[in-house]
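Enquirer: Below you will find the structure I want to go over with you.
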Amino acid sequence: MKYQAVIFDLFGTLVDIFSRREYENIVAEMASNLKVPYDNFYKIWMQTAKQRTSGVFRTGEENLEYICRELKIKVSATQVEAARRVRFDYVARALTPRKGAIEVLSKLKSSGYKIGLISNCSTEPPLIWPDTPFAPFFDTVLFSSVVGINKPDRRIFQMAVERLMVEPSKCVYIGDGGDNELAAAASTGMTPVLIRAAHEDSADALRPNDETKDFAGLKISSLKEVLNLVK
């Protein structure tokens with residue numbers, strides 16, 4: 001086999017990317033539960049994104065309590081839990097496999113490929129992941145909020161290949177191009193592949209630090225194309 005391992009991004013790759021409109025509606029619902037002004041809450045919520053995904057906030061509650069302290073608003077534990085649950089349930093719904101994902105993972109696994117995941121994410125996905133249909137297929141998963149390293153830091157890519165016990169040149173990295181992940185994968189020695197579903201190529205897609213405009217490498221529009229790509 002030309003490749004021995006396939007490493008996937010999560011959002012925009014194995015599952016649909018967050019819709020900007022739905023994301024903002026969820027943040028508004030959280031603010032409502034906390035009885036705080038939406039604009040003020042949203043501003044600090046976005047400012048603390050890096051803390052969420054790098055593990056500075058160990059729980060969703062910690063993040064919400066921090067924001068309320070910054071806004072000098074007193075909230076009850078019941079309010080915090082209600083807001084946390086809104087976010088948790090939203091992320092749980094978001095971790096629905098996109099069409100063909102499980103079939104592709106199953107075929108890769110049965111063909112002898114090692115499978116990894118690298119995701120910039122908050123604390124919710126690691127808690128939800130074991131109960132998703134994805135979990136049985138993966139040899140290693142690296143969530144930024146758990147390991148304390150965010151893409152595009154090369155260390156998280158190096159950690160993945162070390163755990164999979166393969167050379168970077170034997171790895172394909174599949175991602176939607178958020179957080180400059182494709183360039184980082186290439187710099188580690190992997191073959192980066194851009195996946196972009198047509199329905200997600202819009203202004204409503206919440207994709208931070210999108211590098212795809214200048215990406216000149218391999219591109220696919222569905223996960224099923226991965227099977228031919230790795231042969």
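Starting from 1 in every chain, residues are counted up; chains themselves are A, B, ... following the order of the structure tokens, and ligands are numbered from 1 as listed.
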Would you please extract all strand (DSSP E or B) residues from segment 51-146 of chain A, as assigned by DSSP on the backbone, and give them as a VMD selection string?

Expert: chain A and resid 97 114 to 119 140 to 143

Enquirer: Quick one: everything within 10 Å of Lys107 of chain A, counting only C-alpha atoms, minus sequence neighbours fewer than 6 positions away in the same chain. Send it as a PyMOL selection string.

Expert: chain A and resi 113+137+224+227

Enquirer: Please report as JSON lines every residue of segment 82-186 of chain A lying within 9 Å of segment 12-35 of chain A, along with the nearest atom pair and their distance in Å (one decimal), using only C-alpha atoms.

Expert:
{"residue": "A:Ala82", "atom": "CA", "partner": "A:Asn33", "partner_atom": "CA", "distance": 6.4}
{"residue": "A:Ala83", "atom": "CA", "partner": "A:Met30", "partner_atom": "CA", "distance": 4.5}
{"residue": "A:Arg84", "atom": "CA", "partner": "A:Met30", "partner_atom": "CA", "distance": 7.4}
{"residue": "A:Arg85", "atom": "CA", "partner": "A:Met30", "partner_atom": "CA", "distance": 8.8}
{"residue": "A:Val86", "atom": "CA", "partner": "A:Met30", "partner_atom": "CA", "distance": 6.5}
{"residue": "A:Arg87", "atom": "CA", "partner": "A:Ile26", "partner_atom": "CA", "distance": 6.9}
{"residue": "A:Tyr90", "atom": "CA", "partner": "A:Ile26", "partner_atom": "CA", "distance": 7.5}
{"residue": "A:Ala94", "atom": "CA", "partner": "A:Val15", "partner_atom": "CA", "distance": 7.0}
{"residue": "A:Leu95", "atom": "CA", "partner": "A:Val15", "partner_atom": "CA", "distance": 6.0}
{"residue": "A:Thr96", "atom": "CA", "partner": "A:Val15", "partner_atom": "CA", "distance": 6.0}
{"residue": "A:Pro97", "atom": "CA", "partner": "A:Val15", "partner_atom": "CA", "distance": 5.1}
{"residue": "A:Arg98", "atom": "CA", "partner": "A:Val15", "partner_atom": "CA", "distance": 4.9}
{"residue": "A:Lys99", "atom": "CA", "partner": "A:Val15", "partner_atom": "CA", "distance": 8.6}
{"residue": "A:Ala101", "atom": "CA", "partner": "A:Leu14", "partner_atom": "CA", "distance": 6.1}
{"residue": "A:Ile102", "atom": "CA", "partner": "A:Leu14", "partner_atom": "CA", "distance": 8.8}
{"residue": "A:Phe134", "atom": "CA", "partner": "A:Leu14", "partner_atom": "CA", "distance": 8.9}
{"residue": "A:Ile174", "atom": "CA", "partner": "A:Thr13", "partner_atom": "CA", "distance": 7.3}
{"residue": "A:Gly175", "atom": "CA", "partner": "A:Thr13", "partner_atom": "CA", "distance": 5.7}
{"residue": "A:Asp176", "atom": "CA", "partner": "A:Gly12", "partner_atom": "CA", "distance": 5.6}
{"residue": "A:Gly177", "atom": "CA", "partner": "A:Gly12", "partner_atom": "CA", "distance": 8.8}
{"residue": "A:Gly178", "atom": "CA", "partner": "A:Gly12", "partner_atom": "CA", "distance": 8.6}

Enquirer: When you look at Val166 of chain A with a cut-off of 10 Å (counting only C-alpha atoms), what residues show up, excluding the ones that are within fewer than 4 positions of it in the same chain? I need them as a PyMOL selection string.

Expert: chain A and resi 3-5+114+160-162+170-171

Enquirer: Would you mind telling me which residue in A:Val75, A:Arg196, A:Ser122, A:Lys109 lies nearest to Thr48 of chain A when using only C-alpha atoms?

Expert: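 For Thr48 of chain A, the nearest of the given residues is A:Ser122.
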